[in-house]
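Enquirer: Quick one: this structure, given as structure tokens, is what I'll be asking you about.
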Amino acid sequence: FPNDGVFTYSRVYTHIKDANGNLLLDNTPETVIAFKANTARNINDMLANAAAHGTGTAGWFPGQQVCGKTGTGTDNTDRYFVGYTGYYVCAVWCGYTNPERMYFASNPACQIFKAIMEPIHAGLEYKQFPAPTIGKPTQIFGDLTEELEEQERIKRGEIEEEPEEP
């Protein structure tokens with residue numbers, strides 16, 4: 001999501017040089033477009049809201065746009081938070097080797113995320129993800145043009161709203 005929908009395959013090293021600075025091995029990243037950039041931007045926007053105003057607020061910290069998603073295991077046996085900024089990604093799991101119910105008012109994984117991420121961002125320039133663009137209607141529910149036009153005429157007072165049948 002942070003890379004506008006471009007997936008980069010994992011690699012252990014980027015390059016290897018000898019003592020004289022000569023390039024011995026180059027491991028150029030391989031990428032593939034996983035989904036459209038605007039899709040990634042919409043997801044970033046939703047996850048930023050989840051971190052700032054939703055279940056992930058205990059992981060939010062000032063100075064960076066924080067995006068993230070919480071998770072809870074069956075019967076509250078596990079707590080998760082996976083979050084990211086324009087610089088780093090961090091995933092935290094809290095639980096027990098043998099599943100045991102946890103009783104917390106807040107998600108401890110969010111608190112650990114914040115304890116790790118806030119200090120490493122100290123002094124870094126603020127990075128915000130690009131906003132999604134609003135496109136034309138998808139029409140997944142059909143062509144609603146007439147209904148939308150009627151709603152606009154009602155708002156302007158040109159016609160009266162018909163009462164719904166019981």
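In the structure tokens, chains take letters A, B, ... by order of appearance, with residues numbered from 1 within each chain and ligands from 1 in the order shown.
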Among chain A, which residues does DSSP mark as strand (DSSP E or B) when it is run on the backbone? Keep the chain and numbering as in the structure and answer as a PyMOL selection string.
Expert: chain A and resi 6-8+15-17+23-26+31-33+67-72+78-84+89-95
Enquirer: Take the residues from that selection and put them in a file with N, CA, C and O atoms, as a CSV table (one decimal), in the first residue's frame.
Expert:
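Result went into selection-v9.csv, see below:
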chain,number,residue,atom,x,y,z
A,6,VAL,N,2.7,-1.0,-6.0
A,6,VAL,CA,3.9,-1.7,-6.6
A,6,VAL,C,4.5,-2.7,-5.5
A,6,VAL,O,4.9,-2.2,-4.5
A,7,PHE,N,4.5,-4.0,-5.8
A,7,PHE,CA,5.0,-5.0,-4.9
A,7,PHE,C,6.5,-5.2,-5.3
A,7,PHE,O,6.8,-5.4,-6.5
A,8,THR,N,7.3,-5.2,-4.3
A,8,THR,CA,8.8,-5.5,-4.5
A,8,THR,C,9.1,-6.8,-3.8
A,8,THR,O,8.8,-7.1,-2.6
A,15,HIS,N,23.5,-5.0,-2.9
A,15,HIS,CA,24.7,-5.1,-3.7
A,15,HIS,C,25.8,-5.5,-2.8
A,15,HIS,O,25.8,-5.3,-1.6
A,16,ILE,N,26.9,-6.0,-3.4
A,16,ILE,CA,28.1,-6.3,-2.7
A,16,ILE,C,29.3,-5.7,-3.4
A,16,ILE,O,29.4,-5.8,-4.6
A,17,LYS,N,30.1,-5.0,-2.7
A,17,LYS,CA,31.3,-4.4,-3.3
A,17,LYS,C,32.6,-4.9,-2.6
A,17,LYS,O,32.5,-5.3,-1.4
A,23,LEU,N,31.9,-3.1,-7.8
A,23,LEU,CA,30.7,-3.8,-7.6
A,23,LEU,C,30.9,-5.3,-8.0
A,23,LEU,O,31.3,-5.6,-9.1
A,24,LEU,N,30.6,-6.2,-7.0
A,24,LEU,CA,30.8,-7.6,-7.3
A,24,LEU,C,29.4,-8.3,-7.6
A,24,LEU,O,29.3,-9.1,-8.5
A,25,LEU,N,28.4,-7.9,-6.9
A,25,LEU,CA,27.1,-8.5,-7.1
A,25,LEU,C,26.1,-7.3,-7.0
A,25,LEU,O,26.1,-6.5,-6.1
A,26,ASP,N,25.1,-7.3,-7.9
A,26,ASP,CA,24.1,-6.3,-7.9
A,26,ASP,C,22.7,-7.1,-7.8
A,26,ASP,O,22.5,-8.0,-8.6
A,31,THR,N,10.1,-5.9,-9.3
A,31,THR,CA,8.8,-5.4,-8.9
A,31,THR,C,7.7,-5.8,-9.8
A,31,THR,O,8.0,-6.2,-11.0
A,32,VAL,N,6.5,-5.8,-9.3
A,32,VAL,CA,5.3,-6.1,-10.2
A,32,VAL,C,4.2,-5.1,-9.7
A,32,VAL,O,4.1,-4.8,-8.5
A,33,ILE,N,3.3,-4.7,-10.6
A,33,ILE,CA,2.2,-3.9,-10.2
A,33,ILE,C,1.1,-4.8,-9.6
A,33,ILE,O,0.6,-5.6,-10.4
A,67,CYS,N,-0.5,4.7,9.4
A,67,CYS,CA,-1.6,3.9,8.9
A,67,CYS,C,-1.5,2.5,9.5
A,67,CYS,O,-0.3,2.0,9.8
A,68,GLY,N,-2.6,1.9,9.9
A,68,GLY,CA,-2.5,0.6,10.5
A,68,GLY,C,-3.8,-0.1,10.7
A,68,GLY,O,-4.9,0.5,10.5
A,69,LYS,N,-3.7,-1.4,11.0
A,69,LYS,CA,-4.9,-2.2,11.2
A,69,LYS,C,-4.7,-3.1,12.4
A,69,LYS,O,-3.6,-3.7,12.6
A,70,THR,N,-5.7,-3.1,13.3
A,70,THR,CA,-5.6,-4.0,14.5
A,70,THR,C,-6.3,-5.3,14.1
A,70,THR,O,-6.9,-5.5,13.1
A,71,GLY,N,-6.0,-6.3,15.0
A,71,GLY,CA,-6.6,-7.6,14.9
A,71,GLY,C,-6.8,-8.2,16.3
A,71,GLY,O,-6.0,-7.9,17.2
A,72,THR,N,-7.8,-9.0,16.4
A,72,THR,CA,-8.0,-9.8,17.7
A,72,THR,C,-8.3,-11.2,17.4
A,72,THR,O,-9.1,-11.5,16.5
A,78,ASP,N,-5.4,-13.4,21.1
A,78,ASP,CA,-4.3,-12.7,20.4
A,78,ASP,C,-4.7,-11.3,20.1
A,78,ASP,O,-5.8,-11.0,19.9
A,79,ARG,N,-3.7,-10.4,20.1
A,79,ARG,CA,-3.9,-9.0,19.7
A,79,ARG,C,-2.8,-8.7,18.7
A,79,ARG,O,-1.6,-9.0,18.9
A,80,TYR,N,-3.1,-8.0,17.6
A,80,TYR,CA,-2.2,-7.6,16.6
A,80,TYR,C,-2.3,-6.2,16.3
A,80,TYR,O,-3.3,-5.5,16.5
A,81,PHE,N,-1.2,-5.6,15.7
A,81,PHE,CA,-1.3,-4.3,15.0
A,81,PHE,C,-0.2,-4.4,14.0
A,81,PHE,O,1.0,-4.6,14.3
A,82,VAL,N,-0.6,-4.1,12.8
A,82,VAL,CA,0.4,-3.9,11.7
A,82,VAL,C,0.2,-2.5,11.2
A,82,VAL,O,-0.9,-2.1,10.8
A,83,GLY,N,1.3,-1.7,11.2
A,83,GLY,CA,1.2,-0.3,10.8
A,83,GLY,C,2.4,0.1,10.0
A,83,GLY,O,3.4,-0.6,10.0
A,84,TYR,N,2.3,1.3,9.4
A,84,TYR,CA,3.4,1.8,8.7
A,84,TYR,C,3.3,3.3,8.6
A,84,TYR,O,2.3,3.9,8.8
A,89,VAL,N,7.7,0.0,8.3
A,89,VAL,CA,6.6,-0.9,8.6
A,89,VAL,C,6.9,-1.7,9.8
A,89,VAL,O,8.1,-2.1,10.0
A,90,CYS,N,5.9,-1.9,10.7
A,90,CYS,CA,6.1,-2.7,11.9
A,90,CYS,C,4.9,-3.5,12.2
A,90,CYS,O,3.8,-3.0,12.1
A,91,ALA,N,5.1,-4.8,12.5
A,91,ALA,CA,4.0,-5.7,12.9
A,91,ALA,C,4.2,-6.2,14.3
A,91,ALA,O,5.4,-6.6,14.6
A,92,VAL,N,3.2,-6.2,15.1
A,92,VAL,CA,3.3,-6.6,16.5
A,92,VAL,C,2.2,-7.6,16.8
A,92,VAL,O,1.0,-7.4,16.5
A,93,TRP,N,2.6,-8.7,17.4
A,93,TRP,CA,1.7,-9.7,17.9
A,93,TRP,C,1.8,-9.8,19.4
A,93,TRP,O,3.0,-9.9,19.9
A,94,CYS,N,0.7,-9.9,20.1
A,94,CYS,CA,0.7,-10.1,21.6
A,94,CYS,C,-0.1,-11.4,21.8
A,94,CYS,O,-1.3,-11.4,21.3
A,95,GLY,N,0.4,-12.3,22.5
A,95,GLY,CA,-0.3,-13.5,22.9
A,95,GLY,C,0.5,-14.4,23.7
A,95,GLY,O,1.6,-14.1,24.1
Enquirer: Can you list every residue in range 3-114 of chain A that DSSP puts in helix (DSSP H, G or I), as an mmCIF file with C-alpha atoms, in the first residue's frame?
Expert:
data_model
loop_
_atom_site.group_PDB
_atom_site.id
_atom_site.type_symbol
_atom_site.label_atom_id
_atom_site.label_comp_id
_atom_site.auth_asym_id
_atom_site.auth_seq_id
_atom_site.Cartn_x
_atom_site.Cartn_y
_atom_site.Cartn_z
ATOM 1 C CA ALA A 37 -2.115 3.353 -7.428
ATOM 2 C CA ASN A 38 -5.474 4.901 -6.576
ATOM 3 C CA THR A 39 -6.580 1.639 -4.931
ATOM 4 C CA ALA A 40 -3.473 1.737 -2.722
ATOM 5 C CA ARG A 41 -4.144 5.396 -1.917
ATOM 6 C CA ASN A 42 -7.712 4.605 -0.866
ATOM 7 C CA ILE A 43 -6.456 1.821 1.406
ATOM 8 C CA ASN A 44 -3.796 4.129 2.880
ATOM 9 C CA ASP A 45 -6.526 6.675 3.577
ATOM 10 C CA MET A 46 -8.728 4.086 5.316
ATOM 11 C CA LEU A 47 -5.825 2.720 7.378
ATOM 12 C CA ALA A 48 -4.739 6.248 8.365
ATOM 13 C CA ASN A 49 -8.255 6.827 9.694
ATOM 14 C CA ALA A 50 -8.173 3.509 11.572
ATOM 15 C CA ALA A 51 -4.920 4.550 13.270
ATOM 16 C CA ALA A 52 -5.940 8.144 13.994
ATOM 17 C CA HIS A 53 -9.606 7.683 14.894
ATOM 18 C CA THR A 57 -5.452 5.035 18.144
ATOM 19 C CA ALA A 58 -3.141 3.653 20.843
ATOM 20 C CA GLY A 59 -0.530 3.207 18.083
ATOM 21 C CA THR A 74 -10.813 -15.765 18.765
ATOM 22 C CA ASP A 75 -11.879 -15.249 22.393
ATOM 23 C CA ASN A 76 -9.331 -12.393 22.704
ATOM 24 C CA PRO A 108 -1.258 -3.790 23.757
ATOM 25 C CA ALA A 109 0.131 -4.439 20.257
ATOM 26 C CA CYS A 110 -0.706 -0.814 19.380
ATOM 27 C CA GLN A 111 1.101 0.422 22.481
ATOM 28 C CA ILE A 112 4.218 -1.609 21.614
ATOM 29 C CA PHE A 113 4.074 -0.357 18.002
ATOM 30 C CA LYS A 114 4.044 3.232 19.255
#
Enquirer: Counting only C-alpha atoms, figure out which residue out of A:Pro99, A:Ala131, A:Ala115, A:Gly56 gets nearest to Thr77 in chain A.
Expert: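 With only C-alpha atoms as the atom set, the closest residue is A:Pro99.
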Enquirer: Could you state the separation of CA of Glu30 in chain A and CA of Gly5 in chain A in Å, given to one decimal place?
Expert: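 Between CA of Glu30 in chain A and CA of Gly5 in chain A the gap is 13.9 Å.
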Enquirer: Could you name the residues that touch Glu118 in chain A at 9 Å or less, counting only C-alpha atoms, but leaving out those on the same chain fewer than 6 positions away, as a list in words?
Expert: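 My reading of the contact set: Trp60, Phe61, Pro62, Gly63 and Gln64 of chain A.
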Enquirer: Residues of the last selection are to be written out with C-alpha atoms, as a PDB file, in the first residue's frame.
Expert:
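Result file result06.pdb:
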ATOM      1  CA  TRP A  60      -0.861   6.692  16.617  1.00  0.00           C
ATOM      2  CA  PHE A  61       1.819   9.288  17.332  1.00  0.00           C
ATOM      3  CA  PRO A  62       2.317  12.881  16.151  1.00  0.00           C
ATOM      4  CA  GLY A  63       4.807  13.932  13.508  1.00  0.00           C
ATOM      5  CA  GLN A  64       4.026  11.274  10.871  1.00  0.00           C
TER       6      GLN A  64
END
Enquirer: One decimal, Å: what's the distance from CA of Thr14 in chain A over to CA of Pro29 in chain A, could you say?
Expert: 7.7 Å
Enquirer: Which value, in Å to one decimal, gives the distance between CA of Arg11 in chain A and CA of Tyr87 in chain A?
Expert: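 Answer for the CA of Arg11 in chain A to CA of Tyr87 in chain A separation: 18.1 Å.
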